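Next comes data37.txt, with compact mmCIF, C-alpha atoms.
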```
# COMPACT_ATOMS: atom_id res chain seq x y z
CA GLU A 19 -12.67 -24.96 -25.97
CA GLU A 20 -13.66 -21.30 -26.06
CA ARG A 21 -16.30 -21.84 -23.41
CA ARG A 22 -13.76 -23.49 -21.11
CA LYS A 23 -11.35 -20.58 -21.54
CA ASP A 24 -14.08 -18.06 -20.84
CA ALA A 25 -15.23 -19.99 -17.78
CA ALA A 26 -11.70 -20.13 -16.38
CA LEU A 27 -11.31 -16.40 -16.97
CA GLN A 28 -14.58 -15.65 -15.19
CA VAL A 29 -13.60 -17.81 -12.20
CA ASN A 30 -10.28 -15.97 -11.82
CA ILE A 31 -11.91 -12.56 -12.10
CA ALA A 32 -14.65 -13.57 -9.65
CA ALA A 33 -11.99 -14.59 -7.11
CA ALA A 34 -10.28 -11.19 -7.43
CA ASN A 35 -13.62 -9.38 -7.14
CA GLY A 36 -14.54 -11.41 -4.08
CA LEU A 37 -11.34 -10.40 -2.31
CA GLN A 38 -11.91 -6.81 -3.41
CA ASN A 39 -15.44 -6.78 -1.98
CA VAL A 40 -14.19 -8.02 1.39
CA LEU A 41 -11.59 -5.26 1.76
CA LYS A 42 -13.14 -2.29 -0.03
CA SER A 43 -15.22 -1.24 2.98
CA ASN A 44 -12.00 -0.89 5.02
CA LEU A 45 -10.48 1.85 2.89
CA GLY A 46 -10.22 5.39 4.12
CA PRO A 47 -10.80 7.19 7.43
CA ARG A 48 -14.45 6.11 7.43
CA GLY A 49 -13.66 2.47 6.73
CA THR A 50 -15.47 -0.11 8.80
CA LEU A 51 -13.90 -2.59 11.18
CA LYS A 52 -13.96 -6.32 10.56
CA MET A 53 -14.51 -8.81 13.36
CA LEU A 54 -12.29 -11.88 13.13
CA VAL A 55 -13.20 -14.87 15.27
CA GLY A 56 -10.58 -17.57 15.73
CA GLY A 57 -11.12 -21.28 16.19
CA ALA A 58 -10.72 -20.97 19.96
CA GLY A 59 -13.21 -18.12 20.14
CA GLN A 60 -10.70 -15.28 20.29
CA ILE A 61 -12.00 -12.04 18.77
CA LYS A 62 -9.97 -9.46 16.87
CA LEU A 63 -11.30 -6.13 15.52
CA THR A 64 -9.29 -4.55 12.73
CA LYS A 65 -9.48 -2.81 9.39
CA ASP A 66 -5.81 -3.28 8.56
CA GLY A 67 -5.66 -5.00 5.19
CA CYS A 68 -2.42 -6.81 6.02
CA VAL A 69 -3.90 -8.33 9.20
CA LEU A 70 -7.03 -9.43 7.35
CA LEU A 71 -5.06 -11.05 4.54
CA HIS A 72 -2.88 -12.94 7.02
CA GLU A 73 -5.88 -14.17 9.00
CA MET A 74 -8.05 -15.13 6.02
CA GLN A 75 -7.78 -18.65 4.64
CA ILE A 76 -7.50 -17.99 0.90
CA GLN A 77 -7.67 -21.09 -1.29
CA HIS A 78 -8.06 -19.76 -4.82
CA PRO A 79 -4.70 -19.33 -6.64
CA THR A 80 -5.58 -15.96 -8.19
CA ALA A 81 -6.84 -14.50 -4.91
CA SER A 82 -3.80 -15.93 -3.13
CA LEU A 83 -1.49 -14.30 -5.68
CA ILE A 84 -3.15 -10.92 -5.12
CA ALA A 85 -2.88 -11.39 -1.36
CA ARG A 86 0.85 -12.13 -1.64
CA THR A 87 1.29 -9.03 -3.80
CA ALA A 88 -0.44 -6.92 -1.16
CA THR A 89 1.59 -8.35 1.71
CA ALA A 90 4.80 -7.71 -0.26
CA GLN A 91 3.67 -4.10 -0.59
CA ASP A 92 3.26 -3.93 3.18
CA GLU A 93 6.69 -5.45 3.82
CA ILE A 94 8.38 -2.88 1.55
CA THR A 95 6.49 0.31 2.45
CA GLY A 96 4.48 -0.62 5.56
CA ASP A 97 1.17 0.45 4.04
CA GLY A 98 -1.02 0.13 0.95
CA THR A 99 -2.26 -3.47 1.26
CA THR A 100 -5.95 -2.60 0.89
CA SER A 101 -5.25 -0.21 -1.99
CA THR A 102 -3.25 -2.90 -3.79
CA VAL A 103 -6.08 -5.42 -3.53
CA LEU A 104 -8.65 -2.89 -4.72
CA LEU A 105 -6.46 -1.83 -7.65
CA CYS A 106 -5.89 -5.42 -8.78
CA GLY A 107 -9.58 -6.25 -8.45
CA GLU A 108 -10.66 -3.17 -10.38
CA LEU A 109 -8.16 -3.77 -13.17
CA LEU A 110 -9.44 -7.31 -13.65
CA LYS A 111 -13.05 -6.13 -13.48
CA GLN A 112 -12.46 -3.55 -16.23
CA ALA A 113 -10.46 -6.07 -18.26
CA HIS A 114 -13.40 -8.47 -18.16
CA ARG A 115 -15.58 -5.81 -19.82
CA TYR A 116 -13.27 -5.76 -22.84
CA THR A 117 -12.72 -9.51 -23.04
CA SER A 118 -16.48 -10.02 -23.06
CA GLU A 119 -16.60 -7.78 -26.14
CA GLY A 120 -14.04 -9.98 -27.92
CA LEU A 121 -10.78 -8.17 -27.19
CA HIS A 122 -7.86 -10.56 -26.82
CA PRO A 123 -6.31 -10.70 -23.30
CA ARG A 124 -2.84 -10.21 -24.81
CA VAL A 125 -3.86 -6.73 -25.98
CA ILE A 126 -5.09 -5.87 -22.48
CA ALA A 127 -1.83 -7.13 -20.96
CA ASP A 128 0.12 -4.92 -23.35
CA GLY A 129 -2.05 -1.99 -22.26
CA PHE A 130 -1.21 -2.73 -18.62
CA ASP A 131 2.50 -2.65 -19.51
CA ILE A 132 2.12 0.74 -21.21
CA ALA A 133 0.20 2.09 -18.19
CA ARG A 134 2.92 0.78 -15.84
CA ASP A 135 5.66 2.54 -17.81
CA ALA A 136 3.65 5.79 -17.86
CA THR A 137 3.09 5.55 -14.10
CA LEU A 138 6.77 5.00 -13.37
CA GLU A 139 7.66 7.95 -15.61
CA PHE A 140 5.21 10.15 -13.70
CA LEU A 141 6.57 9.03 -10.32
CA ASP A 142 10.15 9.75 -11.41
CA GLY A 143 9.16 13.33 -12.21
CA PHE A 144 6.90 13.78 -9.17
CA LYS A 145 9.15 12.40 -6.44
CA ARG A 146 11.38 14.51 -4.19
CA ASP A 147 15.02 13.48 -4.05
CA PHE A 148 16.74 13.71 -0.65
CA SER A 149 19.80 11.64 -1.55
CA GLY A 150 21.94 14.42 -3.05
CA GLU A 151 24.74 16.09 -1.12
CA ASP A 152 23.08 19.51 -1.38
CA SER A 153 19.58 18.17 -0.69
CA PRO A 154 17.90 18.90 2.65
CA ARG A 155 17.66 16.12 5.20
CA VAL A 156 14.34 14.31 5.02
CA GLN A 157 14.08 14.11 8.82
CA ASP A 158 14.14 17.92 9.00
CA ASP A 159 10.97 18.28 6.92
CA ARG A 160 8.48 17.76 9.73
CA GLU A 161 5.41 18.66 7.68
CA LEU A 162 6.26 16.09 5.01
CA LEU A 163 6.82 13.37 7.61
CA ARG A 164 3.62 14.29 9.40
CA CYS A 165 1.63 14.05 6.16
CA LEU A 166 3.12 10.62 5.44
CA ALA A 167 2.36 9.32 8.94
CA SER A 168 -1.14 10.83 8.93
CA THR A 169 -1.99 9.28 5.56
CA SER A 170 -1.11 5.82 6.84
CA LEU A 171 -2.66 6.16 10.30
CA LYS A 172 -5.98 7.67 9.22
CA THR A 173 -6.93 4.39 7.56
CA LYS A 174 -6.40 2.52 10.83
CA LEU A 175 -7.35 4.92 13.64
CA GLU A 176 -10.01 7.50 14.38
CA ALA A 177 -9.37 10.94 12.89
CA ASP A 178 -8.65 12.74 16.18
CA LEU A 179 -6.41 9.99 17.49
CA SER A 180 -4.55 9.56 14.19
CA GLU A 181 -3.45 13.22 14.14
CA LYS A 182 -2.12 12.95 17.70
CA ILE A 183 -0.32 9.68 17.04
CA ALA A 184 1.11 11.04 13.76
CA ASP A 185 2.75 13.95 15.62
CA ALA A 186 4.16 11.53 18.20
CA VAL A 187 5.52 9.22 15.48
CA VAL A 188 7.25 12.09 13.67
CA SER A 189 8.77 13.39 16.91
CA ALA A 190 10.09 9.92 17.72
CA ILE A 191 11.60 9.45 14.26
CA GLN A 192 13.28 12.87 14.35
CA CYS A 193 14.88 11.95 17.68
CA VAL A 194 16.43 8.66 16.57
CA ALA A 195 17.01 9.25 12.84
CA PRO A 196 20.69 9.11 11.76
CA GLU A 197 22.39 12.03 10.08
CA ASP A 198 21.95 10.48 6.63
CA ALA A 199 18.56 8.76 6.79
CA THR A 200 18.67 7.94 3.06
CA GLU A 201 21.73 5.70 3.53
CA SER A 202 21.26 4.27 7.04
CA PRO A 203 17.98 2.78 8.24
CA VAL A 204 16.28 4.15 11.32
CA ASP A 205 16.89 1.95 14.37
CA LEU A 206 13.32 1.38 15.55
CA ASN A 207 14.65 -0.43 18.63
CA MET A 208 15.40 3.04 19.98
CA VAL A 209 11.65 3.71 20.14
CA GLU A 210 9.55 1.91 22.71
CA ILE A 211 5.76 1.79 22.77
CA MET A 212 4.48 1.48 26.33
CA THR A 213 0.94 0.31 27.04
CA MET A 214 -0.51 2.09 30.07
CA GLN A 215 -3.32 0.42 31.97
CA ARG A 216 -6.55 2.33 32.60
CA LYS A 217 -5.68 4.96 29.98
CA LEU A 218 -7.36 5.96 26.70
CA GLY A 219 -5.80 6.17 23.27
CA THR A 220 -6.32 9.94 23.31
CA ASP A 221 -4.08 10.12 26.39
CA SER A 222 -1.11 8.93 24.34
CA ARG A 223 1.87 11.27 24.24
CA PHE A 224 5.48 11.36 23.14
CA VAL A 225 8.18 11.34 25.82
CA ASN A 226 11.60 12.54 24.69
CA GLY A 227 13.68 10.57 27.15
CA LEU A 228 13.16 7.70 29.57
CA ALA A 229 9.76 6.78 30.97
CA PRO A 230 10.12 4.33 33.91
CA ASP A 231 7.00 2.23 34.30
CA HIS A 232 6.79 1.27 37.95
CA GLY A 233 4.63 1.99 40.93
CA GLY A 234 5.46 3.69 44.17
CA ARG A 235 8.64 2.73 45.99
CA HIS A 236 9.01 2.75 49.76
```

Show me, as C-alpha cells, the structure contained in the file I just sent.
Amino acid sequence: EERRKDAALQVNIAAANGLQNVLKSNLGPRGTLKMLVGGAGQIKLTKDGCVLLHEMQIQHPTASLIARTATAQDEITGDGTTSTVLLCGELLKQAHRYTSEGLHPRVIADGFDIARDATLEFLDGFKRDFSGEDSPRVQDDRELLRCLASTSLKTKLEADLSEKIADAVVSAIQCVAPEDATESPVDLNMVEIMTMQRKLGTDSRFVNGLAPDHGGRH
C-alpha cells in the first residue's frame, strides 16, 4: 500500500517536472524559441507559454491541471503562464524532497497555505492603490505603465524591439484610456494593429490618429 502511494506521488511529480522542463528554457529575455509543427506541416515559432500550452497535447491529469492554472493566469492578467508552470513544478519538486524523508504530505500542504497567506499579506502592503478619489490616475504614470509593458514584452520579443513596442503600447493606452481606468475597462477596439508588408519589426511606430492603408490613387 505504501509503495503504491509513493509510486503515484512520484508519477504526479514527474509529470509536473516534465512540463516544467519543457517551458523553463523560454523564461526571460534570453529564452529560446520553440518550433511547433502541426499535423499538416505548418510551422510556428514561439516562446509564449500560453501558446505552447494550448498547442501541446497534455494527457496527464496533474500536468493538465497545472496547464489550466497557467492559462487562467493568462486570461486574468495577460502574462505569467511560464512563471506559473515553473513555480508549480518547483514547489512539487521541493515537496518531494521532504516526502522522501518521511514528512507527511498534509504537513507540506499546510506549509503551502501559510506561505500563500504570507504572500498575500506582502502584496497587500506592496501594491499601489489608484482607486481612491485623491489617488493619481494610473494612466498618467507613464513610467509605471512602461515598466509593466516592458516586463511582459521582454519575455516574448528581442530586447531592442520590446522597448520600442512597450513605448508604443503605453502611448496607445494613454490615448484611449477612460477618465477612471480603475472602474471602466480600456476599449481595446479603439487600438488597431496594422501589419505592413516588406517592413521590419524595428520599423514599428505609434500613430496617434488614423493611418489609411492603401496604395496610390489616380

Sort by chain and increasing residue number a table of all residues of region 182-205 of chain A within 12 Å of region 170-177 of chain A, each with its closest pair of atoms and their distance in Å to one decimal, counting only C-alpha atoms, and write it as JSON lines.
```
{"residue": "A:Lys182", "atom": "CA", "partner": "A:Ala177", "partner_atom": "CA", "distance": 8.9}
{"residue": "A:Ile183", "atom": "CA", "partner": "A:Leu171", "partner_atom": "CA", "distance": 8.0}
{"residue": "A:Ala184", "atom": "CA", "partner": "A:Leu171", "partner_atom": "CA", "distance": 7.1}
{"residue": "A:Asp185", "atom": "CA", "partner": "A:Leu171", "partner_atom": "CA", "distance": 10.9}
{"residue": "A:Ala186", "atom": "CA", "partner": "A:Leu171", "partner_atom": "CA", "distance": 11.7}
{"residue": "A:Val187", "atom": "CA", "partner": "A:Leu171", "partner_atom": "CA", "distance": 10.2}
```

_d(CA of Glu210 (chain A), CA of Val225 (chain A)) in Å_ = 10.0 Å

_Here is a test: counting all atoms listed in the file, which residue of A:Gln75, A:Asn226, A:Thr80, A:Asn44 is nearest to Asn30 (chain A)?_
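Ranking A:Gln75, A:Asn226, A:Thr80, A:Asn44 by distance to Asn30 (chain A), first place goes to A:Thr80.
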
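If you look at CA of Phe224 (chain A) and CA of Lys62 (chain A), they are 26.7 Å away from each other.
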
*Which one is closest to Leu105 (chain A): A:His78, A:Leu51, A:Lys42, A:Asp92? Count all atoms listed in the file.*
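Among A:His78, A:Leu51, A:Lys42, A:Asp92, it is A:Lys42 that comes nearest to Leu105 (chain A).
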
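CA of Gly96 (chain A) is positioned 20.2 Å from CA of Thr50 (chain A).
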
_Nearby residues (all atoms listed in the file) at most 12 Å from Leu83 (chain A), same-chain spacing under 2 positions excluded, as a PyMOL selection string_ = chain A and resi 30+33-34+37+71+76-81+85-90+102-103+106-107

_Within 10 Å of (11.5, 6.5, 23.2) in the file's own coordinates, which protein, DNA or RNA residues have an atom, counting all atoms listed in the file? List them as a count of residues only._
18

*From the set A:Gly46, A:Thr99, A:Leu63, A:Lys111, which residue has the shortest atom-to-atom contact distance to Ala32 (chain A), counting all atoms listed in the file?*
A:Lys111

*Pull the neighbourhood of (-8.7, -14.3, -25.9) for me: all residues within 7 Å in file coordinates, counting all atoms listed in the file, as a ChimeraX atom specification.*
/A:117,121-123

_Using all atoms listed in the file for the distances, tell me which of A:Ser118, A:Gln192, A:Ser43, A:Thr64 is nearest to Leu27 (chain A)._
A:Ser118

Output, as AutoDock Vina command-line options, the centre and edge lengths in Å (one decimal) of the axis-aligned box that contains all listed atoms of region 213-223 of chain A with 3 Å of margin on each side.
```
--center_x -2.7 --center_y 5.8 --center_z 27.9 --size_x 15.2 --size_y 17.0 --size_z 15.3
```
